[in-house]
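What follows is the content of upload-v6.pdb, which has PDB, C-alpha atoms and all ligand atoms:
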MODEL        1
ATOM      1  CA  MET Z   9      14.120 -96.789 -20.349
ATOM      2  CA  GLU Z  10      17.902 -96.572 -20.699
ATOM      3  CA  PHE Z  11      18.365 -94.276 -23.665
ATOM      4  CA  ILE Z  12      15.348 -91.966 -23.485
ATOM      5  CA  LYS Z  13      13.733 -89.950 -20.729
ATOM      6  CA  VAL Z  14       9.978 -89.480 -20.737
ATOM      7  CA  THR Z  15       8.125 -86.775 -18.794
ATOM      8  CA  GLU Z  16       4.401 -87.379 -19.263
ATOM      9  CA  GLN Z  17       3.209 -83.976 -18.056
ATOM     10  CA  ALA Z  18       6.211 -81.743 -18.728
ATOM     11  CA  GLN Z  19       3.527 -79.086 -19.039
ATOM     12  CA  PRO Z  20      -0.214 -79.677 -18.795
ATOM     13  CA  SER Z  21      -1.226 -82.070 -21.614
ATOM     14  CA  VAL Z  22       2.272 -81.931 -23.147
ATOM     15  CA  ALA Z  23       4.738 -84.819 -22.885
ATOM     16  CA  LEU Z  24       8.476 -84.490 -23.402
ATOM     17  CA  ILE Z  25      10.747 -87.250 -24.699
ATOM     18  CA  GLU Z  26      14.486 -86.604 -24.422
ATOM     19  CA  LEU Z  27      16.927 -88.768 -26.350
ATOM     20  CA  ASN Z  28      19.553 -89.644 -23.801
ATOM     21  CA  ARG Z  29      22.761 -91.167 -25.190
ATOM     22  CA  PRO Z  30      24.830 -88.020 -24.860
ATOM     23  CA  LYS Z  31      28.303 -89.584 -25.151
ATOM     24  CA  GLU Z  32      27.390 -91.026 -28.558
ATOM     25  CA  LEU Z  33      25.622 -87.828 -29.685
ATOM     26  CA  ASN Z  34      22.325 -89.699 -29.333
ATOM     27  CA  ALA Z  35      23.259 -92.200 -32.055
ATOM     28  CA  LEU Z  36      20.076 -94.158 -32.700
ATOM     29  CA  ASN Z  37      20.796 -97.763 -31.811
ATOM     30  CA  LYS Z  38      18.144-100.468 -31.967
ATOM     31  CA  GLN Z  39      17.293-100.313 -28.277
ATOM     32  CA  LEU Z  40      16.865 -96.526 -28.310
ATOM     33  CA  MET Z  41      14.490 -96.724 -31.257
ATOM     34  CA  GLU Z  42      12.480 -99.495 -29.599
ATOM     35  CA  GLU Z  43      12.239 -97.479 -26.392
ATOM     36  CA  LEU Z  44      11.110 -94.478 -28.414
ATOM     37  CA  ARG Z  45       8.491 -96.557 -30.218
ATOM     38  CA  ASP Z  46       7.166 -97.948 -26.903
ATOM     39  CA  ALA Z  47       7.052 -94.485 -25.314
ATOM     40  CA  LEU Z  48       5.196 -92.974 -28.271
ATOM     41  CA  GLN Z  49       2.674 -95.801 -28.332
ATOM     42  CA  ALA Z  50       2.016 -95.366 -24.587
ATOM     43  CA  LEU Z  51       1.681 -91.578 -24.896
ATOM     44  CA  ASP Z  52      -0.639 -91.993 -27.877
ATOM     45  CA  LYS Z  53      -2.970 -94.033 -25.648
ATOM     46  CA  ASN Z  54      -2.683 -91.674 -22.664
ATOM     47  CA  GLU Z  55      -5.701 -89.344 -22.768
ATOM     48  CA  ALA Z  56      -4.004 -86.830 -20.482
ATOM     49  CA  VAL Z  57      -1.426 -86.155 -23.216
ATOM     50  CA  ARG Z  58      -2.341 -84.106 -26.284
ATOM     51  CA  VAL Z  59       0.995 -83.114 -27.797
ATOM     52  CA  ILE Z  60       4.427 -84.766 -27.691
ATOM     53  CA  ILE Z  61       7.786 -83.009 -27.956
ATOM     54  CA  LEU Z  62      10.873 -84.975 -28.992
ATOM     55  CA  THR Z  63      14.268 -83.469 -28.260
ATOM     56  CA  GLY Z  64      17.941 -84.285 -27.755
ATOM     57  CA  ASN Z  65      20.457 -82.099 -25.982
ATOM     58  CA  GLU Z  66      22.348 -78.915 -26.898
ATOM     59  CA  GLN Z  67      25.048 -80.765 -28.787
ATOM     60  CA  ALA Z  68      22.899 -83.179 -30.742
ATOM     61  CA  PHE Z  69      19.335 -84.073 -31.546
ATOM     62  CA  ALA Z  70      20.815 -87.273 -32.975
ATOM     63  CA  ALA Z  71      23.949 -87.856 -35.088
ATOM     64  CA  GLY Z  72      22.375 -90.705 -37.020
ATOM     65  CA  ALA Z  73      21.816 -94.407 -36.803
ATOM     66  CA  ASP Z  74      24.466 -96.143 -34.709
ATOM     67  CA  ILE Z  75      27.292 -96.692 -37.202
ATOM     68  CA  LYS Z  76      29.160 -99.029 -34.853
ATOM     69  CA  GLN Z  77      26.089-101.256 -34.568
ATOM     70  CA  MET Z  78      25.660-101.422 -38.371
ATOM     71  CA  ALA Z  79      29.247-101.476 -39.636
ATOM     72  CA  ASP Z  80      29.776-105.239 -39.976
ATOM     73  CA  LYS Z  81      26.252-106.282 -40.917
ATOM     74  CA  SER Z  82      25.404-108.009 -44.191
ATOM     75  CA  ALA Z  83      22.402-107.048 -46.288
ATOM     76  CA  ILE Z  84      20.599-110.131 -45.012
ATOM     77  CA  ASP Z  85      21.468-109.262 -41.396
ATOM     78  CA  MET Z  86      19.901-105.843 -42.019
ATOM     79  CA  LEU Z  87      16.850-107.453 -43.610
ATOM     80  CA  VAL Z  88      16.382-109.862 -40.698
ATOM     81  CA  ILE Z  89      16.984-107.211 -38.016
ATOM     82  CA  ASP Z  90      14.313-105.167 -39.826
ATOM     83  CA  GLN Z  91      14.932-101.989 -37.872
ATOM     84  CA  PHE Z  92      12.580-100.064 -40.106
ATOM     85  CA  SER Z  93       9.481-101.796 -38.762
ATOM     86  CA  THR Z  94      10.191 -99.827 -35.557
ATOM     87  CA  TRP Z  95      10.536 -96.621 -37.581
ATOM     88  CA  ASP Z  96       7.257 -97.417 -39.374
ATOM     89  CA  GLN Z  97       5.494 -97.738 -36.023
ATOM     90  CA  ILE Z  98       6.935 -94.410 -34.858
ATOM     91  CA  ARG Z  99       5.631 -92.802 -38.036
ATOM     92  CA  LYS Z 100       2.112 -93.943 -37.116
ATOM     93  CA  THR Z 101       1.967 -91.759 -33.974
ATOM     94  CA  LYS Z 102      -1.468 -90.131 -33.986
ATOM     95  CA  LYS Z 103      -0.826 -87.180 -31.712
ATOM     96  CA  PRO Z 104       1.099 -84.132 -32.897
ATOM     97  CA  LEU Z 105       4.818 -84.751 -32.533
ATOM     98  CA  ILE Z 106       7.131 -81.744 -32.503
ATOM     99  CA  ALA Z 107      10.903 -82.103 -32.826
ATOM    100  CA  ALA Z 108      13.011 -79.578 -30.906
ATOM    101  CA  VAL Z 109      16.437 -79.689 -32.543
ATOM    102  CA  SER Z 110      19.718 -78.288 -31.264
ATOM    103  CA  GLY Z 111      23.103 -79.275 -32.655
ATOM    104  CA  PHE Z 112      23.444 -82.229 -35.014
ATOM    105  CA  ALA Z 113      20.438 -83.804 -36.726
ATOM    106  CA  LEU Z 114      22.247 -86.084 -39.143
ATOM    107  CA  GLY Z 115      21.386 -89.195 -41.129
ATOM    108  CA  GLY Z 116      18.764 -91.109 -39.168
ATOM    109  CA  GLY Z 117      18.637 -88.124 -36.785
ATOM    110  CA  CYS Z 118      17.565 -85.821 -39.604
ATOM    111  CA  GLU Z 119      15.133 -88.490 -40.809
ATOM    112  CA  LEU Z 120      13.676 -88.834 -37.316
ATOM    113  CA  ALA Z 121      13.197 -85.061 -37.069
ATOM    114  CA  MET Z 122      11.513 -85.069 -40.493
ATOM    115  CA  MET Z 123       9.174 -87.865 -39.351
ATOM    116  CA  CYS Z 124       7.862 -85.447 -36.734
ATOM    117  CA  ASP Z 125       5.035 -83.101 -37.685
ATOM    118  CA  MET Z 126       6.949 -79.896 -37.072
ATOM    119  CA  ILE Z 127      10.553 -78.971 -36.357
ATOM    120  CA  MET Z 128      11.645 -76.189 -34.038
ATOM    121  CA  ALA Z 129      15.354 -75.457 -34.356
ATOM    122  CA  SER Z 130      17.905 -73.616 -32.274
ATOM    123  CA  GLU Z 131      20.484 -71.416 -33.992
ATOM    124  CA  THR Z 132      23.039 -74.210 -33.592
ATOM    125  CA  ALA Z 133      20.981 -76.863 -35.378
ATOM    126  CA  ARG Z 134      22.714 -78.608 -38.301
ATOM    127  CA  PHE Z 135      20.737 -80.882 -40.600
ATOM    128  CA  GLY Z 136      22.266 -83.334 -43.024
ATOM    129  CA  GLN Z 137      22.253 -86.718 -44.670
ATOM    130  CA  PRO Z 138      25.977 -87.555 -44.602
ATOM    131  CA  GLU Z 139      25.530 -91.288 -45.292
ATOM    132  CA  ILE Z 140      27.277 -90.858 -48.650
ATOM    133  CA  LYS Z 141      30.509 -90.146 -46.754
ATOM    134  CA  ILE Z 142      30.387 -93.597 -45.169
ATOM    135  CA  GLY Z 143      29.555 -95.394 -48.398
ATOM    136  CA  THR Z 144      25.816 -95.718 -48.077
ATOM    137  CA  ILE Z 145      22.643 -93.678 -48.593
ATOM    138  CA  PRO Z 146      19.752 -92.540 -46.379
ATOM    139  CA  GLY Z 147      17.523 -95.473 -45.416
ATOM    140  CA  ALA Z 148      14.771 -94.032 -43.225
ATOM    141  CA  GLY Z 149      13.166 -91.667 -45.687
ATOM    142  CA  GLY Z 150      15.886 -89.050 -46.238
ATOM    143  CA  THR Z 151      15.822 -89.143 -50.035
ATOM    144  CA  GLN Z 152      12.048 -88.778 -49.989
ATOM    145  CA  ARG Z 153      11.262 -86.397 -47.125
ATOM    146  CA  LEU Z 154      14.235 -84.080 -47.619
ATOM    147  CA  THR Z 155      13.368 -83.795 -51.313
ATOM    148  CA  ARG Z 156       9.748 -82.979 -50.528
ATOM    149  CA  ALA Z 157      10.896 -80.327 -48.071
ATOM    150  CA  LEU Z 158      13.793 -78.734 -49.967
ATOM    151  CA  GLY Z 159      13.139 -79.539 -53.602
ATOM    152  CA  LYS Z 160      15.324 -81.612 -55.910
ATOM    153  CA  ALA Z 161      18.362 -79.364 -56.404
ATOM    154  CA  LYS Z 162      19.114 -78.704 -52.729
ATOM    155  CA  SER Z 163      18.282 -82.242 -51.715
ATOM    156  CA  MET Z 164      20.651 -83.631 -54.363
ATOM    157  CA  GLU Z 165      23.369 -81.277 -53.138
ATOM    158  CA  LEU Z 166      22.991 -82.329 -49.506
ATOM    159  CA  ILE Z 167      22.603 -86.062 -50.095
ATOM    160  CA  LEU Z 168      25.296 -86.379 -52.788
ATOM    161  CA  THR Z 169      27.887 -84.340 -50.868
ATOM    162  CA  GLY Z 170      26.925 -85.015 -47.256
ATOM    163  CA  ARG Z 171      27.058 -81.261 -46.542
ATOM    164  CA  PHE Z 172      25.181 -79.881 -43.562
ATOM    165  CA  LEU Z 173      22.368 -77.353 -43.702
ATOM    166  CA  ALA Z 174      22.529 -74.625 -41.046
ATOM    167  CA  ALA Z 175      19.410 -73.700 -39.091
ATOM    168  CA  GLU Z 176      18.688 -70.423 -40.897
ATOM    169  CA  GLU Z 177      19.040 -72.092 -44.291
ATOM    170  CA  ALA Z 178      16.795 -74.949 -43.151
ATOM    171  CA  HIS Z 179      14.246 -72.310 -42.203
ATOM    172  CA  PHE Z 180      14.597 -70.578 -45.573
ATOM    173  CA  TYR Z 181      13.784 -73.863 -47.312
ATOM    174  CA  GLY Z 182      10.813 -74.605 -45.048
ATOM    175  CA  LEU Z 183      12.374 -77.649 -43.395
ATOM    176  CA  VAL Z 184      11.897 -76.093 -39.955
ATOM    177  CA  ASN Z 185       9.122 -73.991 -38.498
ATOM    178  CA  LYS Z 186      11.208 -71.500 -36.569
ATOM    179  CA  VAL Z 187      14.777 -70.798 -35.484
ATOM    180  CA  VAL Z 188      15.333 -69.509 -31.954
ATOM    181  CA  PRO Z 189      18.287 -68.958 -29.600
ATOM    182  CA  VAL Z 190      19.410 -72.167 -27.877
ATOM    183  CA  GLU Z 191      17.999 -71.202 -24.491
ATOM    184  CA  MET Z 192      14.595 -70.454 -26.068
ATOM    185  CA  LEU Z 193      14.278 -73.775 -27.904
ATOM    186  CA  LEU Z 194      12.246 -75.660 -25.316
ATOM    187  CA  PRO Z 195      10.222 -72.642 -24.072
ATOM    188  CA  GLU Z 196       9.219 -71.786 -27.653
ATOM    189  CA  THR Z 197       8.446 -75.420 -28.452
ATOM    190  CA  PHE Z 198       6.293 -75.740 -25.338
ATOM    191  CA  LYS Z 199       4.491 -72.544 -26.358
ATOM    192  CA  LEU Z 200       3.644 -74.070 -29.740
ATOM    193  CA  ALA Z 201       2.607 -77.343 -28.075
ATOM    194  CA  ALA Z 202       0.382 -75.557 -25.535
ATOM    195  CA  GLU Z 203      -1.400 -73.686 -28.315
ATOM    196  CA  ILE Z 204      -2.270 -76.983 -29.991
ATOM    197  CA  ALA Z 205      -3.013 -78.793 -26.721
ATOM    198  CA  GLN Z 206      -5.880 -76.437 -25.872
ATOM    199  CA  LEU Z 207      -7.713 -77.293 -29.105
ATOM    200  CA  SER Z 208      -9.885 -80.300 -29.880
ATOM    201  CA  PRO Z 209      -7.598 -83.344 -29.906
ATOM    202  CA  ILE Z 210     -10.028 -85.052 -32.260
ATOM    203  CA  ALA Z 211      -9.911 -82.236 -34.798
ATOM    204  CA  VAL Z 212      -6.125 -82.019 -34.383
ATOM    205  CA  GLN Z 213      -5.710 -85.735 -35.081
ATOM    206  CA  LEU Z 214      -8.023 -85.681 -38.095
ATOM    207  CA  ALA Z 215      -6.260 -82.602 -39.501
ATOM    208  CA  LYS Z 216      -2.843 -84.230 -39.034
ATOM    209  CA  GLU Z 217      -4.026 -87.365 -40.851
ATOM    210  CA  ALA Z 218      -5.422 -85.311 -43.734
ATOM    211  CA  ILE Z 219      -2.216 -83.274 -44.136
ATOM    212  CA  ASN Z 220      -0.117 -86.445 -44.127
ATOM    213  CA  ARG Z 221      -2.442 -87.936 -46.717
ATOM    214  CA  SER Z 222      -1.567 -85.073 -49.078
ATOM    215  CA  PHE Z 223       1.928 -86.568 -49.416
ATOM    216  CA  GLU Z 224       0.602 -89.983 -50.293
ATOM    217  CA  THR Z 225      -2.162 -89.463 -52.798
ATOM    218  CA  HIS Z 226      -3.357 -87.293 -55.672
ATOM    219  CA  LEU Z 227      -5.524 -84.223 -55.161
ATOM    220  CA  ASP Z 228      -8.959 -85.739 -55.835
ATOM    221  CA  GLU Z 229      -8.453 -88.516 -53.322
ATOM    222  CA  GLY Z 230      -6.834 -86.168 -50.827
ATOM    223  CA  LEU Z 231      -9.791 -83.800 -51.025
ATOM    224  CA  ALA Z 232     -12.233 -86.681 -50.521
ATOM    225  CA  TYR Z 233     -10.201 -87.839 -47.506
ATOM    226  CA  GLU Z 234     -10.210 -84.342 -46.042
ATOM    227  CA  ARG Z 235     -13.965 -84.066 -46.577
ATOM    228  CA  ARG Z 236     -14.646 -87.330 -44.752
ATOM    229  CA  ASN Z 237     -12.531 -86.169 -41.814
ATOM    230  CA  PHE Z 238     -14.295 -82.803 -41.875
ATOM    231  CA  TYR Z 239     -17.710 -84.539 -41.687
ATOM    232  CA  LEU Z 240     -16.383 -86.804 -38.940
ATOM    233  CA  THR Z 241     -15.592 -83.823 -36.699
ATOM    234  CA  PHE Z 242     -19.351 -83.143 -36.669
ATOM    235  CA  ALA Z 243     -19.809 -86.385 -34.732
ATOM    236  CA  SER Z 244     -17.703 -84.968 -31.883
ATOM    237  CA  GLU Z 245     -18.778 -83.084 -28.772
ATOM    238  CA  ASP Z 246     -15.790 -80.852 -29.415
ATOM    239  CA  GLN Z 247     -17.171 -79.533 -32.707
ATOM    240  CA  LYS Z 248     -20.507 -78.738 -31.007
ATOM    241  CA  GLU Z 249     -18.669 -77.052 -28.129
ATOM    242  CA  GLY Z 250     -16.336 -75.110 -30.440
ATOM    243  CA  MET Z 251     -19.089 -73.645 -32.589
ATOM    244  CA  LYS Z 252     -21.403 -73.008 -29.609
ATOM    245  CA  ALA Z 253     -18.605 -71.200 -27.772
ATOM    246  CA  PHE Z 254     -17.990 -69.041 -30.839
ATOM    247  CA  VAL Z 255     -21.660 -68.066 -31.011
ATOM    248  CA  GLU Z 256     -21.783 -67.413 -27.250
ATOM    249  CA  LYS Z 257     -18.546 -65.387 -27.453
ATOM    250  CA  ARG Z 258     -16.698 -67.494 -24.869
ATOM    251  CA  LYS Z 259     -13.605 -69.696 -24.844
ATOM    252  CA  ALA Z 260     -14.293 -73.314 -25.777
ATOM    253  CA  THR Z 261     -13.295 -76.219 -23.547
ATOM    254  CA  TYR Z 262     -12.401 -79.315 -25.503
ATOM    255  CA  VAL Z 263     -12.741 -82.769 -23.954
ATOM    256  CA  GLY Z 264     -11.527 -84.987 -26.776
ATOM    257  CA  ARG Z 265     -14.867 -86.670 -27.365
TER     258      ARG Z 265
HETATM  259  C1  LIG Z 301      27.777 -94.179 -33.614
HETATM  260  C2  LIG Z 301      28.527 -92.066 -33.171
HETATM  261  C3  LIG Z 301      27.748 -91.538 -34.221
HETATM  262  C4  LIG Z 301      26.946 -92.447 -34.971
HETATM  263  C5  LIG Z 301      28.815 -89.912 -33.314
HETATM  264  N1  LIG Z 301      29.164 -91.023 -32.634
HETATM  265  N2  LIG Z 301      27.953 -90.203 -34.287
HETATM  266  N3  LIG Z 301      28.524 -93.357 -32.874
HETATM  267  N4  LIG Z 301      27.004 -93.751 -34.627
HETATM  268  N5  LIG Z 301      26.135 -92.058 -35.973
HETATM  269  C6  LIG Z 301      30.091 -91.127 -31.497
HETATM  270  C7  LIG Z 301      31.546 -91.019 -31.925
HETATM  271  O1  LIG Z 301      32.015 -92.268 -32.377
HETATM  272  C8  LIG Z 301      32.183 -90.586 -30.625
HETATM  273  O2  LIG Z 301      32.324 -91.681 -29.754
HETATM  274  C9  LIG Z 301      31.154 -89.658 -30.034
HETATM  275  O3  LIG Z 301      29.904 -90.012 -30.621
HETATM  276  C10 LIG Z 301      31.418 -88.198 -30.325
HETATM  277  O4  LIG Z 301      31.574 -88.042 -31.711
HETATM  278  P1  LIG Z 301      32.837 -87.303 -32.398
HETATM  279  O5  LIG Z 301      32.905 -87.744 -33.797
HETATM  280  O6  LIG Z 301      34.055 -87.486 -31.571
HETATM  281  O7  LIG Z 301      32.364 -85.772 -32.298
HETATM  282  P2  LIG Z 301      32.712 -84.572 -33.274
HETATM  283  O8  LIG Z 301      34.162 -84.582 -33.645
HETATM  284  O9  LIG Z 301      32.138 -83.353 -32.601
HETATM  285  O10 LIG Z 301      31.894 -84.844 -34.613
HETATM  286  C11 LIG Z 301      30.485 -84.849 -34.585
HETATM  287  C12 LIG Z 301      29.912 -85.470 -35.897
HETATM  288  C13 LIG Z 301      30.554 -86.864 -36.109
HETATM  289  C14 LIG Z 301      30.224 -84.552 -37.077
HETATM  290  C15 LIG Z 301      28.409 -85.548 -35.721
HETATM  291  O11 LIG Z 301      30.404 -87.628 -34.909
HETATM  292  C16 LIG Z 301      29.928 -87.642 -37.223
HETATM  293  O12 LIG Z 301      30.212 -87.397 -38.375
HETATM  294  N6  LIG Z 301      29.089 -88.614 -36.877
HETATM  295  C17 LIG Z 301      28.476 -89.505 -37.849
HETATM  296  C18 LIG Z 301      27.393 -88.813 -38.615
HETATM  297  C19 LIG Z 301      26.789 -89.738 -39.647
HETATM  298  O13 LIG Z 301      27.466 -90.199 -40.586
HETATM  299  N7  LIG Z 301      25.488 -90.043 -39.496
HETATM  300  C20 LIG Z 301      24.790 -90.938 -40.404
HETATM  301  C21 LIG Z 301      24.868 -92.342 -39.872
HETATM  302  S1  LIG Z 301      24.167 -93.505 -40.989
HETATM  303  P3  LIG Z 301      33.757 -92.275 -29.347
HETATM  304  O14 LIG Z 301      33.432 -93.341 -28.326
HETATM  305  O15 LIG Z 301      34.315 -92.830 -30.615
HETATM  306  O16 LIG Z 301      34.524 -91.114 -28.815
HETATM  307  C22 LIG Z 301      22.521 -93.315 -40.796
HETATM  308  C23 LIG Z 301      21.694 -94.192 -41.680
HETATM  309  C24 LIG Z 301      20.277 -94.088 -41.306
HETATM  310  O17 LIG Z 301      22.056 -92.577 -40.016
HETATM  311  C25 LIG Z 301      19.524 -95.269 -41.813
HETATM  312  C26 LIG Z 301      18.233 -95.437 -41.116
HETATM  313  C27 LIG Z 301      18.276 -95.997 -39.755
ENDMDL
END

How would this structure read if it were set down as structure tokens?
Ligand code: HXC
Amino acid sequence: MEFIKVTEQAQPSVALIELNRPKELNALNKQLMEELRDALQALDKNEAVRVIILTGNEQAFAAGADIKQMADKSAIDMLVIDQFSTWDQIRKTKKPLIAAVSGFALGGGCELAMMCDMIMASETARFGQPEIKIGTIPGAGGTQRLTRALGKAKSMELILTGRFLAAEEAHFYGLVNKVVPVEMLLPETFKLAAEIAQLSPIAVQLAKEAINRSFETHLDEGLAYERRNFYLTFASEDQKEGMKAFVEKRKATYVGR
């Protein structure tokens, strides 16, 4: 891996992926995205990992897709390169994926953060979709996910002007879960990850799927989907253990079966 760093057990059951192209503010070139896809697929299969954290560095989570790599491409080049199939695979990660964002999360960087399940932000985090300033528009979900998160008016403002959204404002709009001082970003993110990692990974996965389904379907179908996943948890040892532990007034131990 040249452009990312993976620590499988950064803390028990929690993996850490660091984007690592610091000189280019973690601009997301094709190779970086493919490495990220491969790492996520491997961690998804690794039973020792229950939660994944994705981060950049203090200066940047990621300043967008690599403009230098795209600048001269034709529409057909872009179609043939088909970079979004990699993004689609990343989106299919089953385990909880938490973005820890400091500094710039712009363009594809903002879209990558929004593809994660939760976003923890440091006080220096800046979110934006500035593609309009370079004559294009968001291409990895920005017009859709930002609008779902912020609502139409704010999303229009950000995408049509290319303005940045500061961390506190992002929190106000519900784009991020929490804003913390820079030095607390990873400790706080690990704390959140550890809380999830001690729960049933089966229930966590089924809950994540059901929440994501709410963005893709109408209420009736979403409720039916949730109900099927709810019933499915009753086929797991973890559900038996969780309810038994409650009755016996002890802490449950979840095995992911
Ligand atoms: C390639 C980038 C880059 C990017 C920064 N760099 N962003 N290279 N692609 N997206 C490089 C710069 O060229 C420079 O390298 C180095 O990183 C440091 O950047 P500076 O501009 O010198 O830093 P600064 O003055 O602090 O400004 C930071 C910045 C600015 C405001 C974040 O870099 C910027 O505006 N970047 C582009 C943001 C953007 O438009 N993102 C959207 C991209 S399109 P050198 O070697 O020149 O010194 C997109 C479409 C997504 O994401 C579609 C789906 C994939």

The PyMOL selection byres (((chain Z and resi 154) around 10) and not hetatm) resolved against shown file, as a list in words:
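On the file shown, the PyMOL selection byres (((chain Z and resi 154) around 10) and not hetatm) covers Cys118, Glu119, Met122, Gly136, Gln137, Gly149, Gly150, Thr151, Gln152, Arg153, Thr155, Arg156, Ala157, Leu158, Gly159, Lys160, Lys162, Ser163, Met164, Leu166, Ile167 and Leu183 of chain Z.
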
Would you output that residue set with C-alpha atoms, as a CSV table (one decimal), in the frame of the given file?
chain,number,residue,atom,x,y,z
Z,118,CYS,CA,17.6,-85.8,-39.6
Z,119,GLU,CA,15.1,-88.5,-40.8
Z,122,MET,CA,11.5,-85.1,-40.5
Z,136,GLY,CA,22.3,-83.3,-43.0
Z,137,GLN,CA,22.3,-86.7,-44.7
Z,149,GLY,CA,13.2,-91.7,-45.7
Z,150,GLY,CA,15.9,-89.0,-46.2
Z,151,THR,CA,15.8,-89.1,-50.0
Z,152,GLN,CA,12.0,-88.8,-50.0
Z,153,ARG,CA,11.3,-86.4,-47.1
Z,155,THR,CA,13.4,-83.8,-51.3
Z,156,ARG,CA,9.7,-83.0,-50.5
Z,157,ALA,CA,10.9,-80.3,-48.1
Z,158,LEU,CA,13.8,-78.7,-50.0
Z,159,GLY,CA,13.1,-79.5,-53.6
Z,160,LYS,CA,15.3,-81.6,-55.9
Z,162,LYS,CA,19.1,-78.7,-52.7
Z,163,SER,CA,18.3,-82.2,-51.7
Z,164,MET,CA,20.7,-83.6,-54.4
Z,166,LEU,CA,23.0,-82.3,-49.5
Z,167,ILE,CA,22.6,-86.1,-50.1
Z,183,LEU,CA,12.4,-77.6,-43.4

Would you place a box with edges along x, y and z of the file around all atoms of ligand LIG 301 (chain Z) listed there, add 8 Å to each of its six sides, and report the centre and edge lengths in Å to one decimal, as lines of an AutoDock Vina configuration file?
center_x = 26.4
center_y = -89.7
center_z = -35.1
size_x = 32.3
size_y = 28.6
size_z = 29.5

What residues have any atom no more than 8 Å from ligand LIG 301 (chain Z) when counting only C-alpha atoms and all ligand atoms, and can you list them as an MDAnalysis selection string?
chainID Z and resid 30:37 68 70:77 91:92 112 114:117 119 137:139 141:142 144:149

Z:Ala83, Z:Thr101, Z:Glu10, Z:Glu26: which is nearest Gln49 (chain Z), counting only C-alpha atoms?
Z:Thr101

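For the pair CA of Lys216 (chain Z) and CA of Glu66 (chain Z), the separation is 28.5 Å.
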
Using the chain letters and numbers from the file, which residues does the PyMOL selection byres (((chain Z and resi 200) around 12) and not hetatm) grab, as a ChimeraX atom specification?
/Z:19,22,59-61,104-108,126-128,185-186,193-199,201-207

Just checking: using only C-alpha atoms, which residue out of Z:Ile98, Z:Ala47, Z:Ala161, Z:Ala178 ends up closest to Ser130 (chain Z)?
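Closest to Ser130 (chain Z) of all the choices is Z:Ala178.
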
List as a list of chain:residue names the protein and nucleic acid residues near region 238-242 of chain Z, meaning an atom at most 12 Å away when all atoms listed in the file are counted, but skip any in the same chain fewer than 5 places from it.
Z:Ser208, Z:Pro209, Z:Ile210, Z:Ala211, Z:Val212, Z:Gln213, Z:Leu214, Z:Ala215, Z:Lys216, Z:Glu217, Z:Ala218, Z:Leu231, Z:Ala232, Z:Tyr233, Z:Gln247, Z:Lys248, Z:Glu249, Z:Gly250, Z:Met251, Z:Gly264, Z:Arg265

Close residues, Thr15 (chain Z) itself excluded, 8 Å, only C-alpha atoms, min 6 positions apart in chain, as a PyMOL selection string
chain Z and resi 23-25

File of the preceding selection, C-alpha atoms, as a short mmCIF file (atom, residue, chain, number, x, y, z; two decimals), keeping the file's coordinate frame:
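As written to disk, out_6.cif reads:
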data_model
loop_
_atom_site.label_atom_id
_atom_site.label_comp_id
_atom_site.auth_asym_id
_atom_site.auth_seq_id
_atom_site.Cartn_x
_atom_site.Cartn_y
_atom_site.Cartn_z
CA ALA Z 23 4.74 -84.82 -22.88
CA LEU Z 24 8.48 -84.49 -23.40
CA ILE Z 25 10.75 -87.25 -24.70
#

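In this structure, CA of Ile89 (chain Z) sits 23.3 Å away from CA of Ala50 (chain Z).
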
Of the candidates Z:Phe254, Z:Tyr262, Z:Trp95, Z:Phe223, which shows the shortest atom-to-atom distance to Arg58 (chain Z), using only C-alpha atoms?
Z:Tyr262

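Taking CA of Leu227 (chain Z) and CA of Val184 (chain Z) as the two end points, the separation is 24.5 Å.
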
List the residues matched by the PyMOL selection byres (((chain Z and resi 173) around 7) and not hetatm) in the displayed structure as a PyMOL selection string, ordered by chain and then by residue number.
chain Z and resi 134-136+171-172+174-175+177-178

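Residues lying within 7 Å of Gly230 (chain Z), counting only C-alpha atoms and ignoring same-chain neighbours fewer than 5 positions away, are Arg221, Ser222 and Thr225 of chain Z.
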
From the options Z:Ala129, Z:Leu27, Z:Met41, Z:Cys124, which residue's atoms come nearest to Ser93 (chain Z), counting all atoms listed in the file?
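Checking each candidate against Ser93 (chain Z), we get Z:Met41 as the closest.
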